[in-house]
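Q: Structure in structure tokens, see below.
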There are 2 protein chains.
Amino acid sequence: MVKAKPIALQSVKLQDRIWKNRFELVRDEVIPYQWDALNDRIPDVPPSHAIENFRIAAGESEGEFVGMVFQDSDVAKWLEAVAYVLAVEPNPELEKTADEVIDLIARAQQPDGYLNTYFTVAEPDKRWTNLRDWHELYCAGHMMEAAVAYYEATGKRKLLDVMCRFADYIDQVFGTEPDKLQGYPGHPEIELALVRLYNATGEEKYLKLSKYFIEQRGQQPHWYDIEAERRGNVPKYYFSDIGYNYSQAHLPIRQQETAEGHSVRALYLFSGAADVAAETGDRELMEVCKKLWDNITQRRMYITGGVGSDAYGERFTLDYDLPNDRAYTETCAAIALVFFAHRMLQADVDAKYANVMERALFNGVLSGISLDGKSFFYVNPLEVWPDACRVRRDLRHVKTVRQGWFTCACCPPNAARLLASIGQYMYSASEDTAYVHLYAASEADFTLPGSKVKLIQETEYPWQEKVIIKIEPEEATEFAVAVRLPDWCEMPSLAVNGDEVDLAPVTRKGYAYIRRLWQPGDRIELTLPMPVQRVRANPLVRANAGRVALQRGPIVYCLEEADNGPNLSAVVLPPDAELTAKWNPDLLGGVVTIHGKALRVDESQWDGKLYMASSTQPAAKEIEITAVPYSTWCNRQPGEMLVWIREA
Amino acid sequence: MVKAKPIALQSVKLQDRIWKNRFELVRDEVIPYQWDALNDRIPDVPPSHAIENFRIAAGESEGEFVGMVFQDSDVAKWLEAVAYVLAVEPNPELEKTADEVIDLIARAQQPDGYLNTYFTVAEPDKRWTNLRDWHELYCAGHMMEAAVAYYEATGKRKLLDVMCRFADYIDQVFGTEPDKLQGYPGHPEIELALVRLYNATGEEKYLKLSKYFIEQRGQQPHWYDIEAERRGNVPKYYFSDIGYNYSQAHLPIRQQETAEGHSVRALYLFSGAADVAAETGDRELMEVCKKLWDNITQRRMYITGGVGSDAYGERFTLDYDLPNDRAYTETCAAIALVFFAHRMLQADVDAKYANVMERALFNGVLSGISLDGKSFFYVNPLEVWPDACRVRRDLRHVKTVRQGWFTCACCPPNAARLLASIGQYMYSASEDTAYVHLYAASEADFTLPGSKVKLIQETEYPWQEKVIIKIEPEEATEFAVAVRLPDWCEMPSLAVNGDEVDLAPVTRKGYAYIRRLWQPGDRIELTLPMPVQRVRANPLVRANAGRVALQRGPIVYCLEEADNGPNLSAVVLPPDAELTAKWNPDLLGGVVTIHGKALRVDESQWDGKLYMASSTQPAAKEIEITAVPYSTWCNRQPGEMLVWIREA
């Protein structure tokens with residue numbers, strides 16, 4: 001297994017149309033909006049109270065705690081996103097605000113290191129009594145991530161020190177020793193956060209604590225039974241009918257073979273497990289992660305990179321159960337899949353991880369946020385009939401337009417922190433190899449053993465097939481540049497300084513390794529032909545039988561009512577219909593659309609009736625269809641949307 | 001509009017394979033089983049306590065009320081089914097048991113006429129305080145139906161008198177007068193029952209009371225608001241999120257244009273409204289019934305005659321929303337559609353009513369009961385993937401095998417009373433016309449103005465196309481025999497005594513009227529060619545796009561895993577595939593199966609992956625398929641089932 005480390009965010013400069021735009025939206029729209037939300041300055045939405053909760057916990061304000069038990073994590077995710085913005089470019093005003101928030105957080109920390117405004121303000125005697133449902137360790141994890149990100153962005157240690165003190169305290173409370181609590185969080189997050197804290201500080205006990213939380217989970221006697229008995233079983237477990245898999249506590253991780261339960265919880269846990277396995281060289285644990293990865297990506301993932309197909313419990317269900325209209329596919333779950341993919345990719349540079357990471361980023365993640373950065377989807381179905389969503393109970397979780405904010409506002413700040421830090425997902429380095437995982441106009445500074453090297457990507461990817469990578473070492477140096485050959489691309493080609501390279505001999509696990517004495521001015525020209533593709537789902541995916549999804553490059557397309565009229569199920573794509581791509585600079589922020597001739601069955605033949613017997617297929621008229629990138633749907637007038645189109 | 005009256009149950013003798021068998025199952029299996037259930041003698045199911053509740057209410061036993069608030073109605077439905085059995089054939093032992101139950105019911109009646117064991121035993125001070133949720137008037141209605149049926153079957157008036165006393169009391173309690181309660185039941189049923197009581201007794205006030213309940217419903221100020229306020233809004237309305245349409249109280253009936261809310265409640269109400277409209281000659285109300293009929297049957301009905309597509313609220317949703325796997329399609333709703341159809345048919349003899357009645361009977365009703373009469377479906381979906389039903393929350397209402405009994409055991413006794421009385425749905429008479437609505441080997445005695453006439457049907461319908469109807473008047477008489485030309489039949493033909501009749505000139509509203517001087521020994525030979533049909537749903541039914549259902553005669557077919565292996569969505573029926581019918585005397589009680597060549601997409605091409613891009617359609621191998629009647633599914637080993645098959 002080839003291991004690599006991501007290039008730090010500071011070392012990547014984005015020029016790319018999509019990602020730079022999303023970064024700017026996070027900086028200019030999302031972060032200011034969230035700051036107003038955290039401070040209860042948004043009219044007509046329930047107050048967040050999150051900053052006020054910290055003031056009350058710090059003894060600087062009067063009042064009661066308001067919000068979800070995990071309200072603190074909204075502040076943490078906001079801070080983390082701010083940290084990434086500051087890592088990319090200076091922003092003194094934003095940094096000043098963040099510093100003030102950090103000072104407030106420090107003042108809210110308790111003398112023993114404990115930090116959680118809900119339990120400090122509302123139920124101080126109930127600390128650690130319900131790890132199953134109450135998110136103390138989850139909030140701790142998010143604040144640790146924020147602390148590490150802020151430290152790495154600014155060099156300022158204050159929040160890092162606060163969170164080390166909290167981590168030290170948690171380490172005293174939890175463990176297998178008889179005088180400690182043998183518990184673990186119902187919502188994983190602290191596991192991966194502790195590894196980040198370990199990497200930032202070098203403090204081994206944080207790694208060990210993470211390993212403890214991962215290994216202890218699901219062991220017998222079951223902690224959630226023990227703590228429930230101590231509480232007199234109050235509150236009851238809302239998800240007892242689907243078992244402890246909702247809390248990722250159904251089995252010890254080493255016994256898990258399929259991804260079960262709440263999809264975000266599962267993927268945060270698997271991300272933490274991958275971190276621990278990589279840091280400790282635990283091959284068995286890494287094999288568990290690979291098995292779970294394969295189960296998700298080969299049996300339980302939508303074409304958009306969305307996961308979690310049942311709204312009840314926001315969870316994984318069973319292999320091949322991927323209904324389109326009822327999909328839950330929470331934005332946070334696609335984000336969590338990116339986290340897991342990114343970790344697996346560093347542990348074993350295999351394009352299968354980066355391919356899924358790219359699929360999720362361009363489709364299931366970007367769909368969660370509007371093109372103006374002001375509204376969000378929590379749920380991302382692949383087929384929407386708005387009238388039915390308004391009436392049917394089993395579609396109630398499907399919002400037919402993006403929402404301004406949510407009571408459980410996990411997705412918008414999660415998207416913000418990912419999109420603000422997107423630069424660090426693009427490149428990584430191993431001993432003597434510079435990896436290019438994602439294609440986007442950008443520059444990255446690598447430090448390889450012999451030399452510092454700048455890589456400059458010039459491309460209009462994902463809309464155009466050419467990617468130029470300029471290699472600029474400080475001086476001529478031998479090393480490898482490894483570029484991903486995307487799984488969607490059937491005929492990639494590559495030239496170095498104009499000379500075609502035979503890819504087969506140099507390709508390993510989906511990456512072409514170009515090793516040579518690189519000179520300043522050398523260039524790789526990668527060509528990734530992007531015909532419009534018809535993607536067909538495995539026939540075991542019952543929901544997609546007889547249907548195709550249109551894809552071009554990594555972009556999954558959909559039909560919208562705005563372009564194609566209502567009742568998209570009546571549209572049939574003939575097998576031989578030619579499909580063409582067209583660049584539209586002024587549409588939806590600049591997108592390639594797909595066009596072709598299709599058929600539309602005309603309901604007038606039914607004469608107002610529901611059913612008609614006929615031995616021949618009903619007449620259909622030829623129509624022009626327009627498909628737009630799935631992630632951009634519902635940025636014009638609301639209406640129906642369909643990814644999987646009938647083919648016949 | 002041609003009006004008719006059904007031939008009394010006593011005057012119809014069944015020889016038909018399907019209906020006689022179901023009658024015998026009701027007599028030999030269902031009624032004895034239900035009697036044991038009502039008396040708490042079935043092991044391993046929750047006790048019904050229904051008979052014991054009456055004993056306690058009569059002061060003859062100690063203890064508390066147990067069961068649903070509408071537990072009494074189980075006894076009523078049982079008695080009604082018993083009455084129909086006694087109408088068809090003597091059964092002294094069963095009659096003795098029924099008489100004893102009736103005596104017990106009479107003893108449980110309160111001095112003022114009130115009769116309901118829940119309120120008598122458990123909450124005597126809460127009579128009539130929550131008409132919205134508590135089923136007092138519903139139970140009264142069912143007992144009225146039982147009383148009329150028992151009186152008509154046996155001539156015994158005891159239960160009829162009990163229920164007249166109760167009706168008289170109800171009439172004193174409810175009405176528009178200021179000193180009465182301006183309420184109406186949350187679950188309609190008493191409306192149609194009161195019309196039956198009126199017809200049995202000639203007592204006009206019962207008809208007026210029915211009309212009151214129908215007209216008052218949904219008027220402002222809203223009774224359910226008034227009574228809720230009086231109760232302090234306790235209990236809260238569980239279905240407040242979908243509004244009063246759950247209780248058919250969203251609008252006065254004359255303002256309704258679409259079928260909304262709980263499907264059984266809606267159809268019981270519409271049945272009562274049709275009765276009142278017919279009895280009072282209220283053309284406007286009849287037009288409302290017709291509009292609602294059209295909405296249901298042209299927009300909101302499954303091909304099986306099932307209605308109510310959302311489990312939440314067991315309700316109608318919106319036009320063309322007919323998902324197959326999540327269908328609720330309660331057996332009781334298909335039964336209620338038969339009730340509504342039967343009433344509309346008598347008010348205006350139009351085959352559109354009888355066609356739907358036949359569709360529901362042969363498909364969505366019969367599917368509810370196993371071939372051995374011992375187990376029942378409450379929910380009747382048109383596509384079942386058992387593994388998903390075990391895991392997915394939004395499929396939890398779908399049982400993948402028929403159940404022995406239900407906590408809310410409305411469907412089995414409802415099916416029993418319908419199947420025991422099926423004879424009265426087959427024929428009716430107007431002034432000088434004998435109508436044949438349903439085809440089944442049977443005899444019926446008509447009393448027409450000039451003569452008594454026996455009609456003898458000889459047929460193997462629905463499996464064979466020939467129907468012989470022998471006309472046996474006591475003496476030569478002129479009258480019309482009107483036979484239905486089913487909507488599924490494209491080329492019916494008819495001969496009288498061997499002479500072909502030109503149907504077009506004598507056909508009105510789907511019935512061929514054969515008027516002549518009928519002589520003893522005359523015979524009609526009706527030929528209803530039954531090719532296997534491919535039925536296509538209106539393209540607005542998104543769930544069925546690109547699919548066909550197989551139908552032969554009135555029988556809707558399905559694929560079962562037992563015959564065709566798992567993953568039925570991978571089966572594709574080529575447009576030109578020949579489909580043949582085969583009689584199987586020993587299969588599923590004797591059925592015609594459908595056979596043909598189809599294709600099955602082979603998932604091995606995906607090499608374990610979820611998605612594959614390819615410009616050509618995936619290879620498929622030729623297979624033989626076998627389709628069985630939908631109503632008989634899951635009478636062999638459990639497994640997948642599919643009605644709407646992909647066609648390409």
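Chain identifiers are assigned as A, B, and so on, following the order in which chains appear in the structure tokens; residues are numbered from 1 within each chain, and ligands are numbered from 1 in order of appearance.
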Quick one: contact table of chain B to chain A, 8 Å max, nearest atom pair and distance in Å to one decimal per residue, counting only C-alpha atoms, chain and number order, as a tab-separated table?
A:
```
residue	atom	partner	partner_atom	distance
B:Thr297	CA	A:Leu610	CA	7.6
B:Gln298	CA	A:Lys609	CA	5.1
B:Arg299	CA	A:Leu610	CA	6.2
B:Met301	CA	A:Leu610	CA	7.9
B:Ile303	CA	A:Tyr611	CA	7.3
B:Asp310	CA	A:Arg392	CA	6.5
B:Tyr312	CA	A:Arg393	CA	6.0
B:Thr317	CA	A:Val391	CA	6.2
B:Leu318	CA	A:Ala388	CA	7.1
B:Asp321	CA	A:Ala388	CA	7.1
B:Asp387	CA	A:Leu318	CA	7.9
B:Ala388	CA	A:Leu318	CA	7.1
B:Val391	CA	A:Thr317	CA	6.2
B:Arg392	CA	A:Asp310	CA	6.5
B:Arg393	CA	A:Tyr312	CA	6.1
B:Asp394	CA	A:Asp394	CA	6.0
B:Trp488	CA	A:Ala613	CA	7.7
B:Gln533	CA	A:Ala613	CA	6.0
B:Arg534	CA	A:Ala613	CA	5.5
B:Val535	CA	A:Ala613	CA	4.1
B:Arg536	CA	A:Met612	CA	5.3
B:Ala537	CA	A:Tyr611	CA	4.6
B:Asn538	CA	A:Leu610	CA	5.1
B:Pro539	CA	A:Ala570	CA	5.6
B:Leu540	CA	A:Asn567	CA	6.5
B:Val541	CA	A:Leu610	CA	8.0
B:Arg542	CA	A:Ser569	CA	5.5
B:Ala545	CA	A:Ser569	CA	6.1
B:Gly546	CA	A:Arg646	CA	7.3
B:Asn567	CA	A:Leu540	CA	6.5
B:Ser569	CA	A:Arg542	CA	5.5
B:Ala570	CA	A:Pro539	CA	5.7
B:Pro575	CA	A:Thr616	CA	6.9
B:Val601	CA	A:Pro539	CA	6.7
B:Asp602	CA	A:Pro539	CA	7.3
B:Glu603	CA	A:Pro539	CA	5.7
B:Trp606	CA	A:Asn538	CA	6.1
B:Gly608	CA	A:Gln298	CA	6.8
B:Lys609	CA	A:Gln298	CA	5.1
B:Leu610	CA	A:Asn538	CA	5.1
B:Tyr611	CA	A:Ala537	CA	4.6
B:Met612	CA	A:Arg536	CA	5.3
B:Ala613	CA	A:Val535	CA	4.1
B:Ser614	CA	A:Arg534	CA	5.8
B:Ser615	CA	A:Arg534	CA	5.9
B:Thr616	CA	A:Pro575	CA	6.9
B:Gln617	CA	A:Pro575	CA	7.1
B:Arg646	CA	A:Gly546	CA	7.3
B:Ala648	CA	A:Ala648	CA	5.8
```
Q: What lies within 10 Å of B:Ala167 using only C-alpha atoms, ignoring chain neighbours under 5 positions off, as a ChimeraX atom specification?
A: /B:113-115,137,140-141,144,161-162,172-173,190,194,197,205-206,209
Q: What does the file look like for those residues with C-alpha atoms, as a PDB file, in the first residue's frame?
A:
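Saved the output as out-v5.pdb:
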```pdb
ATOM      1  CA  GLY B 113     -81.562   2.317  24.120  1.00  0.00           C
ATOM      2  CA  TYR B 114     -77.844   3.046  24.140  1.00  0.00           C
ATOM      3  CA  LEU B 115     -75.628   0.168  23.119  1.00  0.00           C
ATOM      4  CA  LEU B 137     -71.863   5.582  15.811  1.00  0.00           C
ATOM      5  CA  ALA B 140     -74.005   1.262  15.950  1.00  0.00           C
ATOM      6  CA  GLY B 141     -73.974   1.218  12.159  1.00  0.00           C
ATOM      7  CA  MET B 144     -77.698  -2.123  12.411  1.00  0.00           C
ATOM      8  CA  ASP B 161     -85.865  -4.195  17.458  1.00  0.00           C
ATOM      9  CA  VAL B 162     -82.804  -3.596  19.619  1.00  0.00           C
ATOM     10  CA  GLN B 172     -83.206  12.076  19.847  1.00  0.00           C
ATOM     11  CA  VAL B 173     -79.580  12.944  20.520  1.00  0.00           C
ATOM     12  CA  ILE B 190     -74.104   4.475  10.234  1.00  0.00           C
ATOM     13  CA  LEU B 194     -79.628   3.683   8.615  1.00  0.00           C
ATOM     14  CA  LEU B 197     -82.761   0.000   8.558  1.00  0.00           C
ATOM     15  CA  LYS B 205     -86.944   8.923  10.376  1.00  0.00           C
ATOM     16  CA  TYR B 206     -84.013   6.559   9.864  1.00  0.00           C
ATOM     17  CA  LEU B 209     -81.276  10.706  10.295  1.00  0.00           C
TER      18      LEU B 209
END
```
Q: Within stretch 93-294 of chain B, find each residue whose DSSP state, derived from the backbone, is helix (DSSP H, G or I), and express the selection as number ranges by chain.
A: B: 93-108, 117-122, 124-126, 136-154, 158-173, 190-201, 204-216, 223-230, 243-247, 253-255, 263-280, 283-294
Q: Please produce a file of those selected residues containing C-alpha atoms, as a tab-separated table (two decimals), in the first residue's frame.
A:
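Below you can see selection29.tsv, which holds the result:
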```tsv
chain	number	residue	atom	x	y	z
B	93	GLU	CA	-76.32	-24.83	15.11
B	94	LEU	CA	-74.89	-21.59	13.83
B	95	GLU	CA	-78.30	-19.90	14.12
B	96	LYS	CA	-78.55	-21.05	17.75
B	97	THR	CA	-75.16	-19.52	18.53
B	98	ALA	CA	-76.14	-16.30	16.79
B	99	ASP	CA	-79.44	-16.16	18.67
B	100	GLU	CA	-77.56	-16.48	21.95
B	101	VAL	CA	-75.22	-13.67	20.97
B	102	ILE	CA	-78.21	-11.53	20.03
B	103	ASP	CA	-79.82	-12.25	23.38
B	104	LEU	CA	-76.61	-11.17	25.08
B	105	ILE	CA	-76.47	-7.99	22.99
B	106	ALA	CA	-80.06	-7.21	23.93
B	107	ARG	CA	-79.21	-7.61	27.60
B	108	ALA	CA	-76.26	-5.24	27.20
B	117	THR	CA	-69.81	-1.87	25.60
B	118	TYR	CA	-66.81	0.46	25.75
B	119	PHE	CA	-68.76	3.44	27.01
B	120	THR	CA	-71.12	1.34	29.12
B	121	VAL	CA	-68.27	-0.43	30.90
B	122	ALA	CA	-65.26	1.87	30.77
B	124	PRO	CA	-70.11	5.82	30.96
B	125	ASP	CA	-69.86	9.61	31.40
B	126	LYS	CA	-68.11	10.13	28.08
B	136	GLU	CA	-69.81	4.78	18.90
B	137	LEU	CA	-71.86	5.58	15.81
B	138	TYR	CA	-69.63	3.36	13.68
B	139	CYS	CA	-70.32	0.40	15.97
B	140	ALA	CA	-74.01	1.26	15.95
B	141	GLY	CA	-73.97	1.22	12.16
B	142	HIS	CA	-72.37	-2.19	11.94
B	143	MET	CA	-74.82	-3.63	14.43
B	144	MET	CA	-77.70	-2.12	12.41
B	145	GLU	CA	-76.37	-3.83	9.30
B	146	ALA	CA	-76.15	-7.11	11.23
B	147	ALA	CA	-79.68	-6.63	12.53
B	148	VAL	CA	-81.15	-6.04	9.08
B	149	ALA	CA	-79.21	-8.94	7.58
B	150	TYR	CA	-80.28	-11.28	10.37
B	151	TYR	CA	-83.89	-10.21	10.07
B	152	GLU	CA	-83.84	-10.68	6.30
B	153	ALA	CA	-82.18	-14.06	6.63
B	154	THR	CA	-84.22	-15.53	9.48
B	158	LYS	CA	-85.00	-9.32	18.10
B	159	LEU	CA	-81.76	-7.62	17.02
B	160	LEU	CA	-83.72	-5.43	14.60
B	161	ASP	CA	-85.86	-4.20	17.46
B	162	VAL	CA	-82.80	-3.60	19.62
B	163	MET	CA	-81.23	-1.53	16.90
B	164	CYS	CA	-84.43	0.38	16.15
B	165	ARG	CA	-84.55	1.33	19.81
B	166	PHE	CA	-80.92	2.47	19.59
B	167	ALA	CA	-81.62	4.35	16.36
B	168	ASP	CA	-84.61	6.05	17.96
B	169	TYR	CA	-82.38	7.12	20.83
B	170	ILE	CA	-79.66	8.37	18.46
B	171	ASP	CA	-82.33	10.30	16.60
B	172	GLN	CA	-83.21	12.08	19.85
B	173	VAL	CA	-79.58	12.94	20.52
B	190	ILE	CA	-74.10	4.47	10.23
B	191	GLU	CA	-75.24	6.50	7.20
B	192	LEU	CA	-75.58	3.47	4.93
B	193	ALA	CA	-76.76	1.31	7.85
B	194	LEU	CA	-79.63	3.68	8.62
B	195	VAL	CA	-80.81	3.43	5.02
B	196	ARG	CA	-80.79	-0.35	5.33
B	197	LEU	CA	-82.76	0.00	8.56
B	198	TYR	CA	-85.20	2.31	6.79
B	199	ASN	CA	-85.64	-0.17	3.96
B	200	ALA	CA	-86.20	-3.05	6.38
B	201	THR	CA	-88.68	-1.18	8.58
B	204	GLU	CA	-88.72	7.33	7.46
B	205	LYS	CA	-86.94	8.92	10.38
B	206	TYR	CA	-84.01	6.56	9.86
B	207	LEU	CA	-83.59	7.85	6.33
B	208	LYS	CA	-83.84	11.41	7.60
B	209	LEU	CA	-81.28	10.71	10.30
B	210	SER	CA	-78.90	9.27	7.69
B	211	LYS	CA	-79.40	12.36	5.56
B	212	TYR	CA	-78.67	14.51	8.60
B	213	PHE	CA	-75.37	12.74	9.29
B	214	ILE	CA	-74.35	13.10	5.65
B	215	GLU	CA	-75.28	16.76	5.30
B	216	GLN	CA	-74.03	17.97	8.67
B	223	TRP	CA	-68.39	20.18	15.34
B	224	TYR	CA	-64.98	18.63	15.95
B	225	ASP	CA	-63.68	22.00	17.06
B	226	ILE	CA	-66.69	22.48	19.32
B	227	GLU	CA	-66.48	19.08	20.94
B	228	ALA	CA	-62.68	19.29	21.21
B	229	GLU	CA	-62.98	22.58	23.04
B	230	ARG	CA	-65.57	21.06	25.40
B	243	GLY	CA	-56.52	17.86	8.55
B	244	TYR	CA	-60.08	16.77	9.08
B	245	ASN	CA	-60.15	14.89	5.80
B	246	TYR	CA	-58.96	11.86	7.79
B	247	SER	CA	-62.41	11.92	9.37
B	253	ILE	CA	-70.13	16.51	0.97
B	254	ARG	CA	-71.78	18.68	-1.66
B	255	GLN	CA	-68.56	20.68	-1.93
B	263	SER	CA	-60.18	5.60	2.03
B	264	VAL	CA	-62.55	3.29	3.92
B	265	ARG	CA	-64.20	6.18	5.73
B	266	ALA	CA	-64.58	8.04	2.45
B	267	LEU	CA	-66.12	5.11	0.64
B	268	TYR	CA	-68.53	4.25	3.45
B	269	LEU	CA	-69.66	7.87	3.42
B	270	PHE	CA	-70.05	7.96	-0.34
B	271	SER	CA	-72.01	4.68	-0.18
B	272	GLY	CA	-74.36	6.19	2.37
B	273	ALA	CA	-74.67	9.35	0.30
B	274	ALA	CA	-75.51	7.30	-2.79
B	275	ASP	CA	-78.19	5.48	-0.79
B	276	VAL	CA	-79.73	8.71	0.46
B	277	ALA	CA	-79.54	10.33	-2.97
B	278	ALA	CA	-81.29	7.34	-4.55
B	279	GLU	CA	-83.96	7.02	-1.85
B	280	THR	CA	-84.77	10.73	-1.76
B	283	ARG	CA	-80.08	14.54	-8.12
B	284	GLU	CA	-77.53	17.04	-6.90
B	285	LEU	CA	-76.24	14.65	-4.26
B	286	MET	CA	-76.11	11.86	-6.84
B	287	GLU	CA	-74.05	14.11	-9.12
B	288	VAL	CA	-71.61	14.64	-6.23
B	289	CYS	CA	-71.36	10.86	-5.85
B	290	LYS	CA	-70.68	10.49	-9.56
B	291	LYS	CA	-67.98	13.13	-9.52
B	292	LEU	CA	-66.30	11.40	-6.57
B	293	TRP	CA	-66.67	8.04	-8.31
B	294	ASP	CA	-64.98	9.38	-11.40
```
Q: In terms of the shortest atom-to-atom distance over only C-alpha atoms, which of B:Pro43, B:Pro413, B:Gly175, B:Pro32 is closest to B:Ala76?
A: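 Selected residue with least distance to B:Ala76: B:Pro413.
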Q: Between atom CA of B:Asn414 and atom CA of B:Leu337, measure the distance and give it in Å to one decimal.
A: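 Result for atom CA of B:Asn414 versus atom CA of B:Leu337: 12.4 Å, one decimal.
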Q: Provide the atom CA of B:Glu314 to atom CA of B:Cys411 distance in Å, to one decimal place.
A: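 Between atom CA of B:Glu314 and atom CA of B:Cys411 the gap is 13.1 Å.
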Q: Please, what distance in Å, to one decimal, runs between atom CA of B:Pro574 and atom CA of B:Cys634?
A: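 For atom CA of B:Pro574 relative to atom CA of B:Cys634, the distance reads 26.2 Å.
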Q: Just the residues within 12 Å of B:Pro473, please, counting only C-alpha atoms, with nothing from its chain fewer than 6 positions along; format it as a PyMOL selection string.
A: chain B and resi 434+444-456+479-481+517-523
Q: A:Phe23, A:Arg132, A:Phe376, A:Ala58: which is nearest A:Phe239, counting only C-alpha atoms?
A: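 The shortest atom-to-atom distance to A:Phe239 comes from A:Arg132.
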Q: Report as an MDAnalysis selection string: the residues of stretch 549-633 of chain A with a DSSP assignment of strand (DSSP E), based on the backbone of this structure.
A: chainID A and resid 549:552 555:560 571:573 579:584 591:601 611:613 620:629
Q: Determine, counting only C-alpha atoms, which protein, DNA and RNA residues have an atom within 10 Å of an atom of B:Asp487; residues of the same chain fewer than 2 positions away are not included. Present the result as a PyMOL selection string.
A: chain B and resi 351-352+354-356+484-485+489-490+492+510+553-554
Q: Using only C-alpha atoms, which protein or nucleic acid residues come within 10 Å of stretch 583-585 of chain B? Drop anything in the same chain fewer than 5 positions from it, and give the result as a list in words.
A: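 Counting only the stated atoms, we get Trp463, Gln464, Gly590, Val591, Val592, Thr593 and Ile594 of chain B.
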